[in-house]
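**Student:** For reference, the file coords_35.cif (mmCIF, C-alpha atoms) is included below:
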```cif
data_query
#
loop_
_atom_site.label_atom_id
_atom_site.label_comp_id
_atom_site.auth_asym_id
_atom_site.auth_seq_id
_atom_site.Cartn_x
_atom_site.Cartn_y
_atom_site.Cartn_z
CA MET A 5 -2.45 2.50 -9.44
CA SER A 6 -2.67 -0.10 -6.75
CA ILE A 7 -0.28 -1.53 -4.22
CA LEU A 8 0.52 -5.08 -3.16
CA LEU A 9 0.92 -5.91 0.52
CA ARG A 10 1.68 -9.14 2.33
CA SER A 11 -0.78 -9.99 5.08
CA SER A 12 2.17 -10.19 7.50
CA GLU A 13 2.93 -6.54 6.71
CA ILE A 14 -0.65 -5.51 7.48
CA ILE A 15 -0.75 -7.20 10.87
CA LYS A 16 0.43 -4.84 13.64
CA LEU A 17 -0.27 -1.72 11.51
CA PRO A 18 -1.82 1.09 13.59
CA VAL A 19 -5.45 2.05 12.94
CA VAL A 20 -5.48 5.86 12.73
CA THR A 21 -8.47 8.22 12.61
CA PHE A 22 -8.78 11.44 10.59
CA ALA A 23 -8.12 13.21 13.91
CA GLY A 24 -4.65 11.63 13.97
CA GLU A 25 -5.28 9.30 16.92
CA ASP A 26 -4.09 5.68 16.84
CA ILE A 27 -7.04 3.89 18.41
CA ALA A 28 -6.08 0.27 17.69
CA GLN A 29 -3.76 -1.97 15.75
CA ILE A 30 -4.47 -4.83 13.37
CA LYS A 31 -4.56 -8.22 15.06
CA ASP A 32 -5.62 -10.41 12.19
CA ILE A 33 -7.27 -10.28 8.79
CA MET A 34 -10.73 -11.74 8.18
CA TYR A 35 -11.38 -12.91 4.64
CA GLY A 36 -14.68 -12.83 2.81
CA ALA A 37 -15.92 -14.16 -0.55
CA HIS A 38 -14.36 -17.61 0.06
CA GLY A 39 -10.98 -16.15 0.88
CA GLY A 40 -10.90 -14.04 -2.27
CA GLU A 41 -10.97 -10.64 -0.60
CA VAL A 42 -10.42 -8.91 2.72
CA GLY A 43 -13.62 -8.69 4.73
CA GLY A 44 -12.31 -6.92 7.79
CA PHE A 45 -9.83 -6.88 10.63
CA THR A 46 -9.79 -8.00 14.24
CA LEU A 47 -8.04 -5.53 16.51
CA ASN A 48 -5.66 -5.25 19.43
CA GLY A 49 -5.34 -2.21 21.65
CA ARG A 50 -2.31 0.03 21.25
CA GLY A 51 0.63 -0.26 23.60
CA LEU A 52 2.76 -3.04 24.98
CA PHE A 53 0.33 -4.58 27.44
CA SER A 54 -3.02 -4.08 25.74
CA GLY A 55 -4.91 -7.17 24.67
CA PRO A 56 -7.49 -7.87 21.97
CA LEU A 57 -10.40 -5.46 21.57
CA LYS A 58 -14.05 -6.47 21.54
CA THR A 59 -14.54 -4.41 18.40
CA ALA A 60 -13.48 -5.15 14.83
CA LEU A 61 -13.12 -3.13 11.65
CA PRO A 62 -15.23 -4.05 8.59
CA TRP A 63 -13.45 -3.45 5.26
CA GLU A 64 -16.21 -1.12 3.99
CA ARG A 65 -15.28 1.36 6.71
CA VAL A 66 -11.58 1.50 5.84
CA VAL A 67 -10.68 4.76 4.07
CA GLY A 68 -7.12 3.81 3.22
CA LEU A 69 -4.75 0.89 3.67
CA GLY A 70 -1.08 1.55 3.04
CA PRO A 71 2.34 0.34 4.12
CA ASP A 72 2.32 2.55 7.25
CA ALA A 73 -1.24 2.61 8.59
CA VAL A 74 -4.89 1.71 8.22
CA ILE A 75 -6.95 4.90 8.05
CA ILE A 76 -10.56 5.26 9.23
CA ARG A 77 -12.79 8.30 9.56
CA ASP A 78 -13.48 7.95 13.30
CA GLU A 79 -14.22 5.45 16.07
CA ASP A 80 -17.72 4.85 14.67
CA ALA A 81 -16.12 2.65 12.00
CA LEU A 82 -15.62 -0.12 14.57
CA THR A 83 -18.32 -2.72 15.15
CA PRO A 84 -18.57 -5.54 17.70
CA THR A 85 -16.29 -8.41 16.65
CA GLU A 86 -18.98 -11.06 17.10
CA SER A 87 -21.41 -9.57 14.62
CA LEU A 88 -18.67 -9.11 12.00
CA LEU A 89 -17.41 -12.65 12.57
CA ALA A 90 -20.91 -14.03 12.09
CA ALA A 91 -21.21 -12.16 8.81
CA MET A 92 -17.79 -13.45 7.66
CA GLN A 93 -18.27 -17.09 8.55
CA SER A 94 -20.97 -17.53 5.95
CA THR A 95 -18.62 -16.41 3.18
CA GLY A 96 -15.21 -17.90 3.82
CA PRO A 97 -12.44 -19.17 6.05
CA ALA A 98 -10.61 -17.05 8.61
CA ALA A 99 -6.98 -16.08 8.20
CA GLY A 100 -5.77 -18.89 10.44
CA ASP A 101 -7.46 -21.32 8.11
CA ILE A 102 -5.65 -20.03 5.05
CA LEU A 103 -2.15 -19.92 6.52
CA GLY A 104 -0.83 -23.48 6.64
CA SER A 105 -3.28 -24.79 4.03
CA GLN A 106 -2.06 -26.99 1.19
CA VAL A 107 -2.32 -25.42 -2.25
CA LEU A 108 -3.56 -28.01 -4.73
CA THR A 109 -3.91 -27.57 -8.48
CA ASP A 110 -7.07 -28.79 -10.17
CA ASP A 111 -5.00 -31.55 -11.80
CA GLY A 112 -4.09 -32.84 -8.36
CA ALA A 113 -0.54 -31.60 -7.76
CA ALA A 114 0.44 -30.04 -4.43
CA LEU A 115 2.29 -26.76 -4.89
CA GLY A 116 3.14 -26.14 -1.24
CA VAL A 117 1.94 -24.71 2.04
CA VAL A 118 0.64 -21.15 2.38
CA VAL A 119 2.88 -18.99 4.60
CA ASP A 120 1.59 -15.54 3.62
CA VAL A 121 -1.19 -13.90 1.64
CA VAL A 122 -0.65 -11.19 -0.98
CA ILE A 123 -3.34 -8.50 -1.01
CA GLU A 124 -3.90 -5.90 -3.71
CA VAL A 125 -5.35 -2.59 -2.56
CA ALA A 126 -6.68 -0.06 -5.05
CA ASP A 127 -4.93 3.28 -4.59
CA GLY A 128 -6.79 5.63 -2.27
CA GLY A 129 -8.87 2.80 -0.82
CA GLY A 130 -12.62 2.64 -1.27
CA GLY A 131 -12.49 -0.35 -3.61
CA GLN A 132 -12.09 -3.90 -2.48
CA ALA A 133 -8.92 -5.47 -1.14
CA ASP A 134 -8.45 -8.47 -3.38
CA VAL A 135 -6.46 -11.54 -2.39
CA VAL A 136 -4.28 -11.90 -5.51
CA GLY A 137 -1.76 -14.50 -4.44
CA TYR A 138 -0.18 -16.70 -1.82
CA GLU A 139 3.36 -16.95 -0.66
CA ILE A 140 4.13 -20.65 -0.30
CA ASP A 141 6.80 -22.93 1.04
CA PRO A 142 7.11 -24.93 -2.17
CA ALA A 143 6.46 -28.66 -2.22
CA GLU A 144 9.33 -30.85 -3.42
CA GLY A 145 7.32 -31.93 -6.42
CA LEU A 146 7.40 -28.39 -7.79
CA GLY A 147 11.15 -28.69 -8.37
CA ARG A 148 11.78 -25.01 -7.65
CA GLY A 149 14.08 -25.36 -4.65
CA THR A 150 13.17 -24.41 -1.10
CA ASN A 151 12.92 -20.62 -1.37
CA ARG A 152 9.48 -19.18 -0.78
CA MET A 153 7.51 -18.59 -3.95
CA LEU A 154 4.58 -16.40 -4.87
CA ILE A 155 1.69 -17.92 -6.79
CA PRO A 156 -1.02 -15.82 -8.43
CA LEU A 157 -4.68 -16.61 -7.85
CA PRO A 158 -7.70 -16.42 -10.11
CA ASP A 159 -10.48 -13.89 -9.37
CA THR A 160 -12.49 -16.55 -7.60
CA LEU A 161 -11.24 -19.64 -5.86
CA SER A 162 -12.42 -22.33 -3.55
CA ALA A 163 -10.95 -22.91 -0.12
CA SER A 164 -11.93 -25.33 2.61
CA GLY A 165 -9.37 -24.64 5.33
CA GLU A 166 -7.70 -27.90 4.35
CA TYR A 167 -6.99 -27.35 0.67
CA LEU A 168 -6.98 -24.34 -1.60
CA MET A 169 -7.75 -25.19 -5.21
CA VAL A 170 -6.01 -23.29 -7.98
CA PRO A 171 -6.01 -23.90 -11.75
CA ALA A 172 -3.06 -25.99 -13.00
CA ALA A 173 -1.93 -23.01 -15.09
CA ALA A 174 -1.00 -21.12 -11.90
CA ARG A 175 2.23 -23.16 -11.88
CA GLU A 176 3.45 -21.32 -14.97
CA PHE A 177 3.11 -17.92 -13.29
CA VAL A 178 4.99 -18.60 -10.06
CA THR A 179 7.48 -15.82 -9.26
CA ASP A 180 9.85 -15.25 -6.41
CA ASP A 181 9.65 -11.52 -5.77
CA LEU A 182 6.80 -9.12 -5.05
CA ALA A 183 8.14 -6.45 -7.43
CA GLY A 184 7.09 -8.30 -10.58
CA PHE A 185 4.16 -10.05 -8.99
CA GLY A 186 1.45 -7.57 -9.99
CA ALA A 187 2.23 -8.21 -13.65
CA ALA A 188 2.27 -11.99 -13.05
CA VAL A 189 -1.22 -11.82 -11.53
CA ASP A 190 -2.53 -9.76 -14.45
CA ASP A 191 -0.95 -12.16 -17.00
CA PHE A 192 -2.33 -15.19 -15.21
CA ARG A 193 -5.86 -13.81 -15.02
CA ALA A 194 -5.73 -12.76 -18.67
CA HIS A 195 -4.57 -16.28 -19.52
CA LEU A 196 -7.52 -17.81 -17.62
CA ARG A 197 -9.98 -15.51 -19.34
CA GLY A 198 -8.50 -16.45 -22.72
CA GLN A 199 -9.18 -20.11 -22.02
CA ARG A 200 -12.87 -19.66 -21.49
CA MET B 5 6.35 33.21 7.88
CA LEU B 6 7.64 30.05 9.54
CA PHE B 7 6.81 28.89 13.06
CA SER B 8 10.54 28.70 13.83
CA GLU B 9 11.20 32.29 12.63
CA ALA B 10 8.63 33.88 14.91
CA MET B 11 9.42 31.75 17.95
CA GLY B 12 10.63 33.90 20.86
CA ARG B 13 9.37 37.12 19.24
CA LYS B 14 8.42 39.81 21.75
CA VAL B 15 4.78 40.70 22.32
CA VAL B 16 4.50 44.46 22.94
CA SER B 17 1.54 46.39 24.32
CA THR B 18 0.82 49.60 22.35
CA ASP B 19 -0.73 51.48 25.31
CA THR B 20 2.27 51.17 27.63
CA ALA B 21 4.92 50.38 24.99
CA SER B 22 6.19 47.57 27.19
CA THR B 23 6.81 43.88 26.58
CA VAL B 24 4.01 41.66 27.89
CA GLY B 25 5.53 38.33 26.90
CA LYS B 26 7.34 36.21 24.33
CA VAL B 27 5.95 33.80 21.73
CA SER B 28 6.64 30.29 22.99
CA ASP B 29 4.16 28.22 21.01
CA TYR B 30 1.30 28.24 18.51
CA VAL B 31 -2.20 26.93 19.13
CA VAL B 32 -3.56 25.56 15.86
CA ASP B 33 -7.09 24.47 14.99
CA PRO B 34 -6.63 21.94 12.16
CA ARG B 35 -10.25 22.43 11.07
CA LEU B 36 -9.56 25.99 9.82
CA PRO B 37 -6.62 25.33 9.41
CA GLY B 38 -5.14 28.27 11.21
CA ILE B 39 -3.57 29.67 14.35
CA VAL B 40 -6.23 30.47 16.95
CA ALA B 41 -3.88 31.70 19.69
CA LEU B 42 -0.26 32.13 20.71
CA THR B 43 1.10 30.63 23.89
CA LEU B 44 3.32 33.18 25.64
CA SER B 45 6.07 32.88 28.18
CA ARG B 46 7.29 35.54 30.66
CA THR B 47 3.91 37.20 30.96
CA PRO B 48 2.76 39.15 34.03
CA GLN B 49 -0.56 37.27 33.96
CA GLY B 50 -2.22 34.65 31.73
CA SER B 51 -0.44 32.61 29.06
CA ALA B 52 -2.70 32.62 26.00
CA LEU B 53 -3.01 35.38 23.41
CA PRO B 54 -6.08 34.69 21.23
CA TRP B 55 -5.41 35.58 17.57
CA GLY B 56 -8.30 38.08 17.57
CA ASN B 57 -6.60 40.18 20.28
CA ILE B 58 -3.51 40.78 18.14
CA ILE B 59 -3.15 44.16 16.38
CA ALA B 60 -0.34 43.02 14.10
CA PHE B 61 2.03 40.10 13.71
CA GLY B 62 5.02 42.17 12.63
CA VAL B 63 8.47 41.17 11.47
CA ASP B 64 10.09 42.36 14.71
CA ALA B 65 7.31 42.19 17.28
CA VAL B 66 3.72 41.14 17.85
CA THR B 67 1.63 44.13 18.97
CA VAL B 68 -1.40 44.01 21.26
CA PRO B 69 -3.62 46.86 22.56
CA GLY B 70 -2.82 46.23 26.23
CA ALA B 71 -1.67 43.69 28.80
CA ALA B 72 -5.31 42.58 29.15
CA ALA B 73 -5.09 40.98 25.68
CA VAL B 74 -3.22 38.11 27.32
CA VAL B 75 -5.69 35.81 29.06
CA GLU B 76 -5.90 32.47 30.81
CA PRO B 77 -6.62 29.80 28.14
CA ASP B 78 -10.27 28.73 28.03
CA GLN B 79 -11.24 25.08 27.60
CA TYR B 80 -11.14 25.22 23.78
CA LEU B 81 -7.63 26.71 23.72
CA ALA B 82 -6.34 24.53 26.55
CA GLU B 83 -7.38 21.41 24.67
CA LEU B 84 -5.79 22.48 21.39
CA ALA B 85 -2.63 23.67 23.15
CA GLY B 86 -1.97 20.19 24.58
CA LYS B 87 0.92 18.10 23.32
CA PRO B 88 -1.29 15.73 21.26
CA HIS B 89 -2.23 18.67 19.03
CA THR B 90 1.19 20.13 18.31
CA LEU B 91 2.32 19.85 14.70
CA ARG B 92 6.08 19.95 14.82
CA HIS B 93 8.14 16.75 15.02
CA LYS B 94 5.06 14.66 14.29
CA ARG B 95 4.75 12.04 11.54
CA VAL B 96 2.52 12.89 8.55
CA LEU B 97 0.13 10.18 7.28
CA THR B 98 -2.07 10.33 4.19
CA THR B 99 -5.58 8.90 4.04
CA SER B 100 -4.07 6.11 1.85
CA GLY B 101 -2.06 4.95 4.85
CA VAL B 102 1.32 6.17 3.60
CA GLN B 103 3.74 8.02 5.86
CA LEU B 104 5.13 11.08 4.07
CA GLY B 105 7.64 12.22 6.67
CA THR B 106 7.86 14.43 9.75
CA VAL B 107 6.71 18.04 10.17
CA LEU B 108 9.87 20.13 10.53
CA ASP B 109 8.22 23.55 10.37
CA VAL B 110 4.94 25.25 9.45
CA ASP B 111 4.46 28.16 7.05
CA PHE B 112 1.65 30.58 7.94
CA ASP B 113 0.18 33.87 6.80
CA PRO B 114 0.98 36.45 9.54
CA ALA B 115 -1.90 38.71 8.45
CA MET B 116 -4.70 36.18 8.93
CA GLY B 117 -3.11 33.40 10.94
CA ARG B 118 -4.03 30.86 8.26
CA LEU B 119 -1.64 27.96 7.75
CA ALA B 120 -0.11 27.87 4.27
CA ALA B 121 2.01 24.73 4.24
CA LEU B 122 3.54 21.99 6.34
CA MET B 123 7.28 21.85 5.75
CA LEU B 124 8.68 18.32 5.51
CA GLU B 125 12.14 17.12 4.64
CA GLN B 126 10.61 15.83 1.42
CA GLY B 127 9.09 19.24 0.59
CA PRO B 128 6.09 21.40 1.50
CA ILE B 129 2.53 20.07 1.75
CA ASP B 130 -0.41 22.41 1.13
CA ALA B 131 -2.11 23.08 4.48
CA ALA B 132 -5.51 22.78 2.74
CA ARG B 133 -4.92 18.99 2.79
CA LEU B 134 -4.76 18.98 6.60
CA LEU B 135 -7.48 16.84 8.21
CA GLY B 136 -6.51 16.49 11.84
CA VAL B 137 -3.69 16.52 14.34
CA GLY B 138 -3.66 13.81 16.98
CA SER B 139 -1.34 12.10 19.40
CA TYR B 140 -0.13 9.63 16.76
CA ALA B 141 0.01 11.58 13.52
CA VAL B 142 -0.83 14.60 11.42
CA MET B 143 -3.45 13.42 8.91
CA VAL B 144 -3.54 14.85 5.37
CA ARG B 145 -5.69 14.00 2.36
CA ALA B 146 -3.99 11.69 -0.12
#
```
Would you mind writing the file out in structure tokens?
**Tutor:**
Amino acid sequence: MSILLRSSEIIKLPVVTFAGEDIAQIKDIMYGAHGGEVGGFTLNGRGLFSGPLKTALPWERVVGLGPDAVIIRDEDALTPTESLLAAMQSTGPAAGDILGSQVLTDDGAALGVVVDVVIEVADGGGGQADVVGYEIDPAEGLGRGTNRMLIPLPDTLSASGEYLMVPAAAREFVTDDLAGFGAAVDDFRAHLRGQR
Amino acid sequence: MLFSEAMGRKVVSTDTASTVGKVSDYVVDPRLPGIVALTLSRTPQGSALPWGNIIAFGVDAVTVPGAAAVVEPDQYLAELAGKPHTLRHKRVLTTSGVQLGTVLDVDFDPAMGRLAALMLEQGPIDAARLLGVGSYAVMVRA
């Protein structure tokens, strides 16, 4: 079992220790592996007037990520933001770079602009948090109206901060609700594997 | 026995056969997990009754050997007795980051003081899953 979460649902979640204390909340998501998985989180303090923290949370130290909280063992899970950022920059773009990027198929058609990222978390945590899809404001050329659409992603993808490349076949697996999206991702990835 | 059932129960000294206080709260160490002391109201002196000083947690009264069983809370008890460590009315989170509900009541074993279950609207949760109790949430294993 695994769950799908939008990145916008993860932002603002409290970071809670095993002792039941909320020591921070998620400010933004840092992506690793060229945007293909979650690498960690930048943090804000808790409370109305608290600003960004100087510490960040690497994904390896997250025990559980669910719809209500991000769970860590204790405060030792946090590391200085700068060192985590340096480690991330070598592997992929930051969240700000992904949101607002144009999604382009490998046959050169624009699908739309990324407005949200869909993340799959293995149940119980521990595994990786895979980026499995994007929510896009569809381009006119797609001919699917103006409602936001979800497009599945392959296991690996390339992203520059300007464009995100997806295989042309992704167009066939576009859905419009998160409920059936897990199956669409699985079908799409199976389809890609079948091609090879 | 439930926390709510035993709330307000009289604490009686067996040497003088007089009431030395009333149960007003429970001090729980989530690491056991169990009750380590009772917080009493209307006592002549002190406010904490360590679990080890209790003769019996009976259905009608809690018995203690004498008024001296009730003491001032030491640092360990004072810390656990604080509001951040109370169980009731607090949200319950699993280690998967899912909120299960709110603790309505707690079931415990009156002989040993061990917690048996957290009672939620959605049903009981085995107290063996308890990890910690903090200011934000009660943490349980997924």
**Student:** From the options A:Asp141, A:Asp26, A:Asp120, A:Glu79, which residue's atoms come nearest to chain B, counting only C-alpha atoms?
**Tutor:**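 Result for the nearest residue to chain B: A:Asp26.
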**Student:** Measuring between all atoms listed in the file, which one of B:Ala71, B:Ile58, B:Met116, B:Ala146 shows the shortest distance to Ile129 in chain B?
**Tutor:**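 Of B:Ala71, B:Ile58, B:Met116, B:Ala146, the one nearest Ile129 in chain B is B:Ala146, counting all atoms listed in the file.
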**Student:** Could you please determine the separation between CA of Gly43 in chain A and CA of Leu61 in chain A in Å, to one decimal place?
**Tutor:** 8.9 Å
**Student:** To one decimal place, how far is CA of Val42 in chain A from CA of Asp110 in chain A in Å?
**Tutor:**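 For CA of Val42 in chain A relative to CA of Asp110 in chain A, the distance reads 23.9 Å.
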**Student:** Skipping near chain neighbours, those fewer than 6 positions away, what residues fall within 9 Å of range 30-32 of chain B using all atoms listed in the file, listed as a list in words?
**Tutor:**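 What passes the distance filter is Phe7, Met11, Gly38, Ile39, Val40, Ala41, Leu42, Thr43, Leu44, Ala52, Pro54, Leu81, Ala82, Leu84, Ala85, Gly86, His89, Thr90, Leu91 and Leu119 of chain B.
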**Student:** Which residue gives the smallest distance to chain A among B:Ser51, B:Ser28, B:Gln126, B:Thr98, with all atoms listed in the file counted?
**Tutor:** B:Thr98
**Student:** Would you kindly translate the PyMOL selection byres ((chain A and resi 181) around 10) into the concrete residues it picks from this file, as an NGL selection string?
**Tutor:** :A and (139 or 152-154 or 178-180 or 182-185)
**Student:** What gap, in Å, lies between CA of Gly70 in chain B and CA of Gly56 in chain B?
**Tutor:**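 Here the two named atoms are 13.1 Å from each other.
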**Student:** Just need the residues of chain B within 8 Å of chain A, counting only C-alpha atoms, so spit them out as a list in words.
**Tutor:**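 Going by the stated atoms only, the list reads Leu97, Thr99, Ser100, Gly101, Val102, Gln103, Leu135, Gly136, Val137, Gly138, Ser139, Tyr140, Ala141, Val142, Met143 and Ala146 of chain B.
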**Student:** Would you mind telling me which residue in A:Gln132, A:Gln29, A:Thr83, A:Asn151 lies nearest to Leu52 in chain A when using all atoms listed in the file?
**Tutor:**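 Counting all atoms listed in the file, the residue closest to Leu52 in chain A is A:Gln29.
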**Student:** Determine the residue set returned by the PyMOL selection byres ((chain B and resi 76) around 9) for the present structure, and present it as a PyMOL selection string.
**Tutor:** chain B and resi 49-53+74-75+77-78
**Student:** Quick one: residues within 10 Å of Leu122 in chain B, only C-alpha atoms counted, chain neighbours fewer than 2 positions away excluded, as number ranges by chain?
**Tutor:** B: 6, 91-92, 96, 106-112, 119-120, 124, 127-134, 142
**Student:** Would you kindly return, as a count of residues only, each protein, DNA or RNA residue with an atom no farther than 12 Å from any atom of Gly55 in chain A, considering all atoms listed in the file and excluding same-chain residues fewer than 2 positions away?
**Tutor:** 15
**Student:** Assuming the chain letters and numbering stay as they are in my file, what does the PyMOL selection byres ((chain A and resi 108) around 9) actually select? List them as a short mmCIF file (atom, residue, chain, number, x, y, z; two decimals) with C-alpha atoms, in the coordinates of the input.
**Tutor:**
```
data_model
loop_
_atom_site.label_atom_id
_atom_site.label_comp_id
_atom_site.auth_asym_id
_atom_site.auth_seq_id
_atom_site.Cartn_x
_atom_site.Cartn_y
_atom_site.Cartn_z
CA GLN A 106 -2.06 -26.99 1.19
CA VAL A 107 -2.32 -25.42 -2.25
CA THR A 109 -3.91 -27.57 -8.48
CA ASP A 110 -7.07 -28.79 -10.17
CA ASP A 111 -5.00 -31.55 -11.80
CA GLY A 112 -4.09 -32.84 -8.36
CA ALA A 113 -0.54 -31.60 -7.76
CA ALA A 114 0.44 -30.04 -4.43
CA LEU A 115 2.29 -26.76 -4.89
CA GLY A 116 3.14 -26.14 -1.24
CA TYR A 167 -6.99 -27.35 0.67
CA LEU A 168 -6.98 -24.34 -1.60
CA MET A 169 -7.75 -25.19 -5.21
CA VAL A 170 -6.01 -23.29 -7.98
CA PRO A 171 -6.01 -23.90 -11.75
CA ALA A 172 -3.06 -25.99 -13.00
#
```
**Student:** Pick out the closest residue to Pro114 in chain B from this set: B:Met5, B:Val66, B:Ala10, B:Ile59. Count only C-alpha atoms.
**Tutor:**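 Going through B:Met5, B:Val66, B:Ala10, B:Ile59 one by one, the smallest distance to Pro114 in chain B is for B:Met5.
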**Student:** Would you place a box with edges along x, y and z of the file around all atoms of range 66-84 of chain A listed there, add 4 Å to each of its six sides, and report the centre and edge lengths in Å to one decimal, as JSON?
**Tutor:**
```
{"center_x": -8.1, "center_y": 1.4, "center_z": 10.4, "size_x": 28.9, "size_y": 21.8, "size_z": 22.7}
```
